[in-house]
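For reference, start_37.pdb is printed below; it contains PDB, C-alpha atoms.
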ATOM      1  CA  GLU A   6     113.918  -8.973 -24.348
ATOM      2  CA  TYR A   7     110.436  -9.109 -25.753
ATOM      3  CA  LEU A   8     108.352  -6.762 -27.863
ATOM      4  CA  LEU A   9     104.866  -5.796 -26.734
ATOM      5  CA  TYR A  10     102.587  -4.321 -29.351
ATOM      6  CA  HIS A  11      99.797  -2.190 -27.922
ATOM      7  CA  PRO A  12      97.545  -0.594 -30.566
ATOM      8  CA  GLN A  13      96.872   2.637 -28.670
ATOM      9  CA  LEU A  14     100.514   3.069 -27.665
ATOM     10  CA  HIS A  15     101.683   2.378 -31.208
ATOM     11  CA  ARG A  16      99.115   4.692 -32.778
ATOM     12  CA  ASN A  17      99.365   7.625 -30.413
ATOM     13  CA  THR A  18     103.064   7.863 -29.637
ATOM     14  CA  ASN A  19     104.771   5.906 -32.431
ATOM     15  CA  LYS A  20     106.601   4.009 -29.704
ATOM     16  CA  LEU A  21     106.913   0.333 -28.977
ATOM     17  CA  ARG A  22     107.337  -1.184 -25.538
ATOM     18  CA  LEU A  23     110.552  -3.185 -25.702
ATOM     19  CA  GLY A  24     111.698  -5.270 -22.752
ATOM     20  CA  GLY A  25     110.701  -2.680 -20.194
ATOM     21  CA  SER A  26     112.038   0.363 -22.026
ATOM     22  CA  THR A  27     110.515   2.619 -24.655
ATOM     23  CA  THR A  28     112.265   2.723 -27.971
ATOM     24  CA  SER A  29     111.627   4.247 -31.391
ATOM     25  CA  SER A  30     109.585   2.041 -33.737
ATOM     26  CA  GLU A  31     111.665   3.004 -36.781
ATOM     27  CA  ASN A  32     113.416  -0.371 -36.658
ATOM     28  CA  PRO A  33     111.249  -2.622 -34.465
ATOM     29  CA  LEU A  34     112.934  -5.858 -35.604
ATOM     30  CA  SER A  35     116.428  -4.947 -34.436
ATOM     31  CA  SER A  36     116.761  -6.241 -30.871
ATOM     32  CA  TRP A  37     113.964  -8.339 -29.445
ATOM     33  CA  ASP A  38     113.171 -12.017 -28.980
ATOM     34  CA  THR A  39     109.397 -12.395 -28.701
ATOM     35  CA  PHE A  40     106.505 -10.422 -30.186
ATOM     36  CA  ILE A  41     103.351 -10.279 -28.040
ATOM     37  CA  ASN A  42     100.328  -8.342 -29.251
ATOM     38  CA  LEU A  43      97.995  -6.843 -26.659
ATOM     39  CA  SER A  44      94.655  -5.048 -26.603
ATOM     40  CA  GLY A  45      93.754  -2.053 -24.472
ATOM     41  CA  ASP A  46      91.553  -4.207 -22.216
ATOM     42  CA  THR A  47      94.329  -6.729 -21.424
ATOM     43  CA  LEU A  48      96.095  -6.947 -18.067
ATOM     44  CA  PRO A  49      99.262  -8.928 -17.235
ATOM     45  CA  ILE A  50      99.124 -11.340 -14.308
ATOM     46  CA  ILE A  51     102.885 -11.207 -13.700
ATOM     47  CA  SER A  52     105.463  -8.449 -14.052
ATOM     48  CA  ALA A  53     107.205  -7.462 -17.281
ATOM     49  CA  GLN A  54     110.503  -8.724 -15.847
ATOM     50  CA  ARG A  55     109.038 -12.178 -15.188
ATOM     51  CA  ILE A  56     107.514 -12.341 -18.671
ATOM     52  CA  SER A  57     110.938 -11.515 -20.092
ATOM     53  CA  GLN A  58     112.511 -14.307 -18.038
ATOM     54  CA  LEU A  59     109.952 -16.867 -19.193
ATOM     55  CA  PHE A  60     110.481 -16.019 -22.880
ATOM     56  CA  ASN A  61     114.267 -15.887 -22.631
ATOM     57  CA  PRO A  62     115.401 -17.808 -25.766
ATOM     58  CA  ILE A  63     118.434 -19.257 -23.957
ATOM     59  CA  ASN A  64     116.997 -20.660 -20.740
ATOM     60  CA  GLY A  65     113.379 -19.508 -20.486
ATOM     61  CA  PRO A  66     110.725 -22.272 -20.404
ATOM     62  CA  LEU A  67     108.717 -20.413 -23.075
ATOM     63  CA  GLY A  68     111.712 -19.390 -25.164
ATOM     64  CA  LYS A  69     111.853 -20.356 -28.840
ATOM     65  CA  THR A  70     108.130 -21.226 -28.732
ATOM     66  CA  ASN A  71     105.461 -19.818 -31.051
ATOM     67  CA  PHE A  72     102.003 -19.393 -29.574
ATOM     68  CA  VAL A  73      99.320 -18.739 -32.182
ATOM     69  CA  THR A  74      96.443 -19.637 -29.885
ATOM     70  CA  SER A  75      95.620 -18.602 -26.341
ATOM     71  CA  SER A  76      93.969 -21.979 -25.485
ATOM     72  CA  SER A  77      90.459 -21.214 -26.754
ATOM     73  CA  CYS A  78      90.997 -23.713 -29.598
ATOM     74  CA  ALA A  79      89.561 -27.208 -29.306
ATOM     75  CA  THR A  80      93.122 -28.516 -29.114
ATOM     76  CA  GLY A  81      94.254 -26.103 -26.400
ATOM     77  CA  LEU A  82      97.507 -24.189 -26.830
ATOM     78  CA  ILE A  83      98.223 -25.705 -30.234
ATOM     79  CA  PRO A  84      96.418 -24.781 -33.489
ATOM     80  CA  THR A  85      93.428 -26.829 -34.632
ATOM     81  CA  SER A  86      93.465 -28.374 -38.119
ATOM     82  CA  ILE A  87      90.421 -27.821 -40.292
ATOM     83  CA  PHE A  88      90.094 -31.622 -40.507
ATOM     84  CA  GLU A  89      89.485 -31.774 -36.740
ATOM     85  CA  PHE A  90      86.027 -30.323 -37.325
ATOM     86  CA  PRO A  91      83.156 -32.543 -38.519
ATOM     87  CA  LYS A  92      82.076 -32.353 -42.144
ATOM     88  CA  GLY A  93      79.368 -29.794 -42.769
ATOM     89  CA  THR A  94      80.426 -27.462 -39.973
ATOM     90  CA  MET A  95      80.949 -23.793 -40.735
ATOM     91  CA  LYS A  96      84.728 -23.849 -40.332
ATOM     92  CA  ARG A  97      85.120 -26.519 -43.021
ATOM     93  CA  SER A  98      82.439 -25.350 -45.440
ATOM     94  CA  HIS A  99      83.649 -21.728 -45.388
ATOM     95  CA  TYR A 100      86.843 -22.777 -47.164
ATOM     96  CA  PHE A 101      85.941 -25.912 -49.081
ATOM     97  CA  GLN A 102      82.743 -24.627 -50.679
ATOM     98  CA  HIS A 103      84.784 -22.018 -52.561
ATOM     99  CA  GLY A 104      87.079 -24.623 -54.080
ATOM    100  CA  ILE A 105      90.218 -23.391 -52.353
ATOM    101  CA  PRO A 106      93.070 -25.737 -53.390
ATOM    102  CA  LYS A 107      94.314 -28.176 -50.774
ATOM    103  CA  LYS A 108      97.811 -28.191 -52.297
ATOM    104  CA  LEU A 109     100.079 -25.212 -52.976
ATOM    105  CA  SER A 110     103.416 -24.720 -54.723
ATOM    106  CA  TYR A 111     105.807 -22.162 -53.287
ATOM    107  CA  VAL A 112     109.443 -21.310 -52.557
ATOM    108  CA  ASP A 113     110.867 -22.127 -49.141
ATOM    109  CA  THR A 114     112.371 -18.716 -48.330
ATOM    110  CA  LEU A 115     114.782 -20.302 -45.845
ATOM    111  CA  SER A 116     116.394 -22.814 -48.224
ATOM    112  CA  GLY A 117     115.407 -21.356 -51.598
ATOM    113  CA  GLU A 118     113.962 -24.755 -52.557
ATOM    114  CA  TRP A 119     110.761 -25.054 -54.594
ATOM    115  CA  LYS A 120     107.988 -26.988 -52.856
ATOM    116  CA  ARG A 121     105.527 -28.306 -55.426
ATOM    117  CA  ASN A 122     101.971 -29.500 -54.816
ATOM    118  CA  VAL A 123     102.391 -29.622 -51.058
ATOM    119  CA  GLU A 124      99.395 -30.440 -48.858
ATOM    120  CA  THR A 125      98.628 -27.134 -47.115
ATOM    121  CA  PRO A 126      95.826 -27.658 -44.572
ATOM    122  CA  ILE A 127      94.192 -24.675 -42.900
ATOM    123  CA  TYR A 128      94.584 -24.219 -39.156
ATOM    124  CA  PHE A 129      92.687 -22.184 -36.589
ATOM    125  CA  GLY A 130      94.205 -20.288 -33.689
ATOM    126  CA  SER A 131      93.799 -16.949 -31.947
ATOM    127  CA  GLN A 132      94.347 -13.326 -32.897
ATOM    128  CA  TRP A 133      96.428 -13.028 -29.705
ATOM    129  CA  MET A 134      99.904 -14.428 -30.241
ATOM    130  CA  ALA A 135     103.440 -14.673 -28.905
ATOM    131  CA  LEU A 136     105.874 -15.160 -31.793
ATOM    132  CA  THR A 137     109.618 -15.669 -31.937
ATOM    133  CA  HIS A 138     111.850 -13.219 -33.770
ATOM    134  CA  GLU A 139     112.836 -15.944 -36.222
ATOM    135  CA  PHE A 140     109.268 -16.781 -37.194
ATOM    136  CA  VAL A 141     108.281 -13.113 -37.580
ATOM    137  CA  ASP A 142     111.286 -12.660 -39.858
ATOM    138  CA  TYR A 143     110.137 -15.712 -41.846
ATOM    139  CA  VAL A 144     106.620 -14.280 -42.176
ATOM    140  CA  ILE A 145     107.986 -10.992 -43.516
ATOM    141  CA  ARG A 146     110.249 -12.719 -46.041
ATOM    142  CA  SER A 147     107.502 -15.162 -47.015
ATOM    143  CA  MET A 148     105.068 -12.324 -47.643
ATOM    144  CA  SER A 149     107.628 -10.204 -49.476
ATOM    145  CA  HIS A 150     108.767 -12.939 -51.886
ATOM    146  CA  PRO A 151     106.306 -13.309 -54.804
ATOM    147  CA  ASN A 152     106.559 -17.099 -54.541
ATOM    148  CA  GLY A 153     106.886 -17.323 -50.753
ATOM    149  CA  LEU A 154     104.310 -19.391 -48.866
ATOM    150  CA  GLY A 155     102.791 -16.335 -47.202
ATOM    151  CA  ASN A 156     102.262 -14.464 -50.447
ATOM    152  CA  VAL A 157     101.075 -17.564 -52.334
ATOM    153  CA  LEU A 158      98.539 -18.261 -49.584
ATOM    154  CA  LYS A 159      97.375 -14.641 -49.642
ATOM    155  CA  GLU A 160      97.009 -14.584 -53.439
ATOM    156  CA  THR A 161      95.162 -17.926 -53.361
ATOM    157  CA  LEU A 162      92.638 -16.502 -50.911
ATOM    158  CA  VAL A 163      92.215 -13.384 -53.056
ATOM    159  CA  ASP A 164      91.758 -15.403 -56.262
ATOM    160  CA  THR A 165      89.164 -17.706 -54.692
ATOM    161  CA  GLU A 166      87.475 -14.784 -52.896
ATOM    162  CA  VAL A 167      87.790 -16.488 -49.534
ATOM    163  CA  GLN A 168      88.106 -14.371 -46.426
ATOM    164  CA  MET A 169      90.568 -15.523 -43.749
ATOM    165  CA  THR A 170      91.004 -13.892 -40.360
ATOM    166  CA  ASP A 171      94.388 -13.266 -38.784
ATOM    167  CA  GLU A 172      93.792 -16.045 -36.234
ATOM    168  CA  SER A 173      93.680 -18.529 -39.116
ATOM    169  CA  PHE A 174      96.296 -16.963 -41.413
ATOM    170  CA  PHE A 175      99.193 -16.994 -38.940
ATOM    171  CA  ALA A 176      98.282 -20.440 -37.594
ATOM    172  CA  THR A 177      98.130 -21.839 -41.147
ATOM    173  CA  LEU A 178     101.431 -20.199 -42.084
ATOM    174  CA  LEU A 179     103.149 -21.523 -38.951
ATOM    175  CA  MET A 180     101.892 -25.100 -39.262
ATOM    176  CA  ASN A 181     102.933 -25.336 -42.928
ATOM    177  CA  SER A 182     106.357 -23.746 -42.401
ATOM    178  CA  PRO A 183     109.752 -25.013 -41.195
ATOM    179  CA  PHE A 184     108.741 -23.615 -37.772
ATOM    180  CA  LYS A 185     105.871 -26.046 -37.220
ATOM    181  CA  ASP A 186     107.852 -27.849 -34.513
ATOM    182  CA  THR A 187     108.133 -24.655 -32.442
ATOM    183  CA  ILE A 188     104.527 -24.858 -31.227
ATOM    184  CA  PRO A 189     104.049 -25.618 -27.513
ATOM    185  CA  LYS A 190     104.615 -29.162 -26.306
ATOM    186  CA  LEU A 191     101.655 -30.227 -24.168
ATOM    187  CA  ASN A 192     101.070 -32.856 -21.515
ATOM    188  CA  SER A 193      98.522 -35.341 -22.835
ATOM    189  CA  GLU A 194      96.434 -35.490 -19.648
ATOM    190  CA  ASP A 195      95.669 -31.852 -18.797
ATOM    191  CA  LYS A 196      96.971 -29.997 -21.903
ATOM    192  CA  SER A 197      99.422 -28.015 -19.791
ATOM    193  CA  LEU A 198     102.868 -27.036 -21.076
ATOM    194  CA  VAL A 199     105.578 -29.660 -20.734
ATOM    195  CA  ASN A 200     108.205 -26.994 -20.007
ATOM    196  CA  TYR A 201     105.955 -25.005 -17.660
ATOM    197  CA  PRO A 202     103.223 -27.293 -16.275
ATOM    198  CA  SER A 203     101.461 -24.565 -14.291
ATOM    199  CA  MET A 204     100.468 -22.866 -17.560
ATOM    200  CA  GLN A 205      97.384 -24.027 -19.459
ATOM    201  CA  SER A 206      96.585 -20.728 -21.210
ATOM    202  CA  LEU A 207      98.627 -17.899 -22.623
ATOM    203  CA  ARG A 208      95.740 -15.528 -22.082
ATOM    204  CA  TYR A 209      92.700 -16.187 -19.938
ATOM    205  CA  GLU A 210      89.350 -14.958 -21.205
ATOM    206  CA  ARG A 211      85.754 -16.057 -20.875
ATOM    207  CA  MET A 212      84.249 -16.515 -24.300
ATOM    208  CA  ASP A 213      81.644 -18.569 -26.160
ATOM    209  CA  GLU A 214      80.123 -19.885 -22.952
ATOM    210  CA  ASN A 215      76.530 -19.237 -24.008
ATOM    211  CA  ALA A 216      76.700 -20.325 -27.622
ATOM    212  CA  PRO A 217      77.109 -23.685 -29.377
ATOM    213  CA  ASN A 218      80.674 -24.616 -30.217
ATOM    214  CA  ALA A 219      81.916 -26.006 -33.533
ATOM    215  CA  TRP A 220      80.328 -29.360 -32.707
ATOM    216  CA  ASP A 221      76.934 -27.762 -31.962
ATOM    217  CA  LYS A 222      77.282 -28.567 -28.279
ATOM    218  CA  TRP A 223      75.932 -25.987 -25.844
ATOM    219  CA  THR A 224      78.113 -25.120 -22.896
ATOM    220  CA  SER A 225      77.014 -23.726 -19.551
ATOM    221  CA  SER A 226      78.701 -20.959 -17.612
ATOM    222  CA  ASN A 227      79.037 -19.307 -14.250
ATOM    223  CA  SER A 228      77.549 -15.929 -13.534
ATOM    224  CA  LEU A 229      79.225 -13.022 -15.259
ATOM    225  CA  TYR A 230      79.665  -9.334 -14.622
ATOM    226  CA  ASP A 231      76.900  -7.093 -15.865
ATOM    227  CA  ILE A 232      77.893  -3.774 -17.388
ATOM    228  CA  PRO A 233      77.076  -0.788 -15.133
ATOM    229  CA  PRO A 234      74.875   1.954 -16.638
ATOM    230  CA  LYS A 235      77.719   4.482 -16.729
ATOM    231  CA  PHE A 236      80.056   2.108 -18.552
ATOM    232  CA  LYS A 237      79.581   3.619 -21.999
ATOM    233  CA  SER A 238      80.226   7.179 -20.823
ATOM    234  CA  VAL A 239      83.588   6.319 -19.223
ATOM    235  CA  THR A 240      84.937   4.041 -21.969
ATOM    236  CA  ASP A 241      84.773   6.339 -24.988
ATOM    237  CA  GLY A 242      81.492   4.842 -26.112
ATOM    238  CA  GLU A 243      82.419   1.149 -25.875
ATOM    239  CA  GLY A 244      79.327  -0.986 -25.686
ATOM    240  CA  PRO A 245      78.670  -3.934 -23.382
ATOM    241  CA  ALA A 246      80.044  -7.403 -24.071
ATOM    242  CA  LYS A 247      78.185  -9.523 -26.607
ATOM    243  CA  PRO A 248      76.272 -12.610 -25.403
ATOM    244  CA  TRP A 249      79.039 -14.884 -26.710
ATOM    245  CA  GLY A 250      81.790 -12.764 -25.140
ATOM    246  CA  PRO A 251      84.486 -12.115 -24.388
ATOM    247  CA  TYR A 252      83.048 -11.180 -21.016
ATOM    248  CA  PHE A 253      84.524  -8.643 -18.638
ATOM    249  CA  LEU A 254      86.377 -10.183 -15.714
ATOM    250  CA  GLY A 255      86.303  -9.324 -12.039
ATOM    251  CA  ILE A 256      87.356 -10.471  -8.618
ATOM    252  CA  TYR A 257      85.058 -13.535  -8.698
ATOM    253  CA  ASP A 258      86.991 -14.857 -11.704
ATOM    254  CA  LEU A 259      90.271 -15.055  -9.765
ATOM    255  CA  GLY A 260      89.891 -18.762  -9.038
ATOM    256  CA  ASP A 261      89.706 -19.659 -12.712
ATOM    257  CA  ILE A 262      92.489 -17.182 -13.537
ATOM    258  CA  LYS A 263      94.621 -18.885 -10.898
ATOM    259  CA  ASP A 264      93.895 -22.330 -12.376
ATOM    260  CA  SER A 265      94.757 -21.226 -15.923
ATOM    261  CA  GLY A 266      98.340 -20.170 -15.174
ATOM    262  CA  ALA A 267      97.896 -17.558 -17.919
ATOM    263  CA  LEU A 268     100.241 -14.611 -18.436
ATOM    264  CA  PHE A 269      97.491 -12.175 -19.432
ATOM    265  CA  ILE A 270      93.761 -11.742 -18.890
ATOM    266  CA  ARG A 271      91.051  -9.911 -20.804
ATOM    267  CA  LYS A 272      88.625  -8.170 -20.827
ATOM    268  CA  VAL A 273      89.373  -5.935 -17.854
ATOM    269  CA  SER A 274      88.045  -2.482 -17.044
ATOM    270  CA  TRP A 275      88.127  -0.117 -14.074
ATOM    271  CA  SER A 276      84.477   0.562 -14.793
ATOM    272  CA  VAL A 277      83.485  -3.082 -14.247
ATOM    273  CA  ASP A 278      85.671  -4.153 -11.296
ATOM    274  CA  GLU A 279      88.560  -1.952 -10.236
ATOM    275  CA  ASN A 280      89.600  -4.439  -7.546
ATOM    276  CA  LEU A 281      91.039  -6.778 -10.167
ATOM    277  CA  VAL A 282      93.029  -3.926 -11.700
ATOM    278  CA  ARG A 283      94.459  -3.080  -8.259
ATOM    279  CA  MET A 284      95.582  -6.660  -7.642
ATOM    280  CA  LEU A 285      97.465  -7.287 -10.878
ATOM    281  CA  PRO A 286     100.190  -7.778 -11.871
ATOM    282  CA  VAL A 287     101.397  -9.908  -8.980
ATOM    283  CA  VAL A 288     104.889  -9.100  -7.682
ATOM    284  CA  LEU A 289     106.277 -11.736  -5.323
ATOM    285  CA  SER A 290     107.889 -10.742  -2.056
ATOM    286  CA  GLU A 291     111.407 -11.896  -1.257
ATOM    287  CA  ARG A 292     110.053 -14.464   1.199
ATOM    288  CA  GLU A 293     107.621 -15.838  -1.381
ATOM    289  CA  GLU A 294     110.412 -16.161  -3.937
ATOM    290  CA  GLU A 295     112.588 -17.971  -1.408
ATOM    291  CA  GLY A 296     109.672 -20.334  -0.811
ATOM    292  CA  MET A 297     109.705 -21.217  -4.536
ATOM    293  CA  LEU A 298     106.188 -19.866  -4.981
ATOM    294  CA  LEU A 299     104.822 -18.749  -8.337
ATOM    295  CA  GLU A 300     102.637 -15.683  -8.807
ATOM    296  CA  TRP A 301      99.546 -17.825  -9.375
ATOM    297  CA  ASP A 302     100.147 -19.572  -6.040
ATOM    298  CA  VAL A 303      99.565 -16.360  -4.095
ATOM    299  CA  LEU A 304      96.391 -15.319  -5.935
ATOM    300  CA  PRO A 305      93.369 -15.780  -3.665
ATOM    301  CA  ASP A 306      91.062 -18.616  -4.700
ATOM    302  CA  ILE A 307      87.915 -16.492  -5.095
ATOM    303  CA  ARG A 308      85.133 -17.945  -7.252
ATOM    304  CA  TRP A 309      81.569 -17.184  -8.210
ATOM    305  CA  PRO A 310      79.071 -18.193  -5.477
ATOM    306  CA  LYS A 311      77.135 -21.264  -6.600
ATOM    307  CA  ASN A 312      73.816 -19.492  -6.195
ATOM    308  CA  GLY A 313      74.955 -16.447  -8.150
ATOM    309  CA  VAL A 314      75.317 -12.819  -7.092
ATOM    310  CA  ASN A 315      72.708 -10.075  -7.127
ATOM    311  CA  VAL A 316      74.056  -6.634  -6.257
ATOM    312  CA  LYS A 317      71.763  -4.451  -4.141
ATOM    313  CA  LYS A 318      72.005  -0.703  -4.568
ATOM    314  CA  PRO A 319      72.586   1.382  -1.397
ATOM    315  CA  TRP A 320      69.552   1.877   0.827
ATOM    316  CA  VAL A 321      67.754   5.172   0.475
ATOM    317  CA  TRP A 322      65.599   5.346   3.589
ATOM    318  CA  SER A 323      63.351   8.078   2.243
ATOM    319  CA  GLN A 324      62.259   5.684  -0.486
ATOM    320  CA  GLU A 325      61.638   2.865   1.989
ATOM    321  CA  GLU A 326      59.153   4.726   4.129
TER     322      GLU A 326
END
What would the structure in this file look like if it were written as structure tokens?
Amino acid sequence: EYLLYHPQLHRNTNKLRLGGSTTSSENPLSSWDTFINLSGDTLPIISAQRISQLFNPINGPLGKTNFVTSSSCATGLIPTSIFEFPKGTMKRSHYFQHGIPKKLSYVDTLSGEWKRNVETPIYFGSQWMALTHEFVDYVIRSMSHPNGLGNVLKETLVDTEVQMTDESFFATLLMNSPFKDTIPKLNSEDKSLVNYPSMQSLRYERMDENAPNAWDKWTSSNSLYDIPPKFKSVTDGEGPAKPWGPYFLGIYDLGDIKDSGALFIRKVSWSVDENLVRMLPVVLSEREEEGMLLEWDVLPDIRWPKNGVNVKKPWVWSQEE
């Protein structure tokens, strides 16, 4: 079973979605295998049952794997070391200009052994994760122990007055822990998963297409969905997407969603394109399953027209005369 954390569900009902059933959150670490955090604008591409099968720790191709990036990192589905970025870039200078130590001493909460003056590089990932029960338990113990790596890292950041986002904290903790070998194993050519080659992203989203990346290289993009005028009034005041994203997805993005092999997509809204919400998640028919098809195989290959799309409002003949 897997644990899905949804902020609105957790806040409003004090319930957690656990392997397809709703259970009390009083003891959320009692009987699950994988923690997946979701946002309210996320939609699954495949069914909850299929996700559970993929993350099965015994025979699932994604079992016993910790994902701390969705593929938006420069290195794909694995975290990016701070040393991957050129000197002088924001990601390096943010930490190094404050004199944050490059070596830490801490207690390995698994073995009880002291680790002294260990190189502890910073890593970058995503705020959207899929974590094993064992690693989550390690994080809790490491944060609870005064000399655990998690707490030492936290106190170091506080002492040096350096801010670190969750997408960097969990990636750094994972890559400097005994669980560093549980990150995804990727094919060298296309960065797809070795154990599940159809998957190149955990979560598909369009982001940072119209802004320079960490190497100051500008990237181009396809057309994107504009936000309809009534959007704010039907989304509790949510504003439109920022220029750098993430952008709202629609039916024209299906081709890229299909290519990604992702389990989830965001951002999605009925107010932007309800057709996409109607289509997902994909549930295979018995014939399709017998034909050894995957859910992504049956998604239509619909892409943005090369010349773009301009939506015309309905004709009002009285205004045309």
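One finds CA of Lys235 in chain A at 23.7 Å from CA of Trp322 in chain A.
Evaluated against this file, the PyMOL selection byres ((chain A and resi 147-152) around 10) yields Ser110, Tyr111, Val112, Asp113, Thr114, Leu115, Trp119, Val141, Asp142, Tyr143, Val144, Ile145, Arg146, Gly153, Leu154, Gly155, Asn156, Val157, Leu158, Lys159, Glu160, Leu178 and Ser182 of chain A.
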- Query: So which residues get picked by the PyMOL selection byres ((chain A and resi 41) around 6) here, written as a PyMOL selection string?
  - Reply: chain A and resi 9+40+42+134-135
- Task: Considering all atoms listed in the file, return as a PyMOL selection string whatever protein or nucleic-acid residues lie within 9 Å of Gln58 in chain A, sequence-local ones (same chain, fewer than 4 positions apart) excluded.
- Result: chain A and resi 6+53-54+62+64-68
Grab the residues selected above and save them as an mmCIF file, in the frame of the given file with C-alpha atoms.
data_model
loop_
_atom_site.group_PDB
_atom_site.id
_atom_site.type_symbol
_atom_site.label_atom_id
_atom_site.label_comp_id
_atom_site.auth_asym_id
_atom_site.auth_seq_id
_atom_site.Cartn_x
_atom_site.Cartn_y
_atom_site.Cartn_z
ATOM 1 C CA GLU A 6 113.918 -8.973 -24.348
ATOM 2 C CA ALA A 53 107.205 -7.462 -17.281
ATOM 3 C CA GLN A 54 110.503 -8.724 -15.847
ATOM 4 C CA PRO A 62 115.401 -17.808 -25.766
ATOM 5 C CA ASN A 64 116.997 -20.660 -20.740
ATOM 6 C CA GLY A 65 113.379 -19.508 -20.486
ATOM 7 C CA PRO A 66 110.725 -22.272 -20.404
ATOM 8 C CA LEU A 67 108.717 -20.413 -23.075
ATOM 9 C CA GLY A 68 111.712 -19.390 -25.164
#
- Task: Carefully work through the PyMOL selection byres ((chain A and resi 82-88) around 8) for this structure and note down the residues it includes, as a PyMOL selection string.
- Result: chain A and resi 72-81+89-91+96-97+126-130+176+180+188-189+191+196+205-207
- Contact residues around Phe236 in chain A with all atoms listed in the file at 8 Å, ignoring same-chain residues under 6 positions, as a list in words: Glu243, Gly244, Pro245, Ser276 and Val277 of chain A
Generate a file for range 82-97 of chain A, containing N, CA and C atoms, as a compact mmCIF listing (two decimals), in the first residue's frame.
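Output saved as decode.txt:
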# COMPACT_ATOMS: atom_id res chain seq x y z
N LEU A 82 15.72 12.30 -13.12
CA LEU A 82 15.03 11.75 -11.96
C LEU A 82 15.94 11.55 -10.75
N ILE A 83 17.19 11.94 -10.85
CA ILE A 83 18.07 11.85 -9.69
C ILE A 83 18.48 13.26 -9.26
N PRO A 84 18.76 13.47 -7.97
CA PRO A 84 19.09 14.81 -7.48
C PRO A 84 20.36 15.37 -8.13
N THR A 85 20.44 16.69 -8.18
CA THR A 85 21.58 17.37 -8.78
C THR A 85 22.48 17.93 -7.69
N SER A 86 23.76 17.58 -7.71
CA SER A 86 24.72 18.10 -6.75
C SER A 86 24.98 19.58 -7.00
N ILE A 87 25.25 20.31 -5.94
CA ILE A 87 25.55 21.73 -6.07
C ILE A 87 26.77 21.95 -6.94
N PHE A 88 27.68 20.97 -7.01
CA PHE A 88 28.90 21.11 -7.79
C PHE A 88 28.67 20.89 -9.29
N GLU A 89 27.43 20.48 -9.66
CA GLU A 89 27.08 20.36 -11.07
C GLU A 89 26.87 21.74 -11.71
N PHE A 90 26.60 22.74 -10.87
CA PHE A 90 26.33 24.07 -11.39
C PHE A 90 27.61 24.88 -11.48
N PRO A 91 27.74 25.70 -12.52
CA PRO A 91 28.98 26.49 -12.69
C PRO A 91 29.19 27.45 -11.51
N LYS A 92 30.46 27.78 -11.26
CA LYS A 92 30.78 28.73 -10.22
C LYS A 92 30.16 30.09 -10.54
N GLY A 93 29.67 30.75 -9.50
CA GLY A 93 29.07 32.06 -9.69
C GLY A 93 27.58 32.04 -9.91
N THR A 94 27.01 30.85 -10.17
CA THR A 94 25.57 30.77 -10.35
C THR A 94 24.86 30.87 -9.01
N MET A 95 23.59 31.24 -9.06
CA MET A 95 22.83 31.50 -7.85
C MET A 95 22.79 30.31 -6.91
N LYS A 96 22.62 29.11 -7.45
CA LYS A 96 22.48 27.93 -6.60
C LYS A 96 23.73 27.66 -5.77
N ARG A 97 24.89 27.97 -6.33
CA ARG A 97 26.14 27.78 -5.57
C ARG A 97 26.37 28.93 -4.59
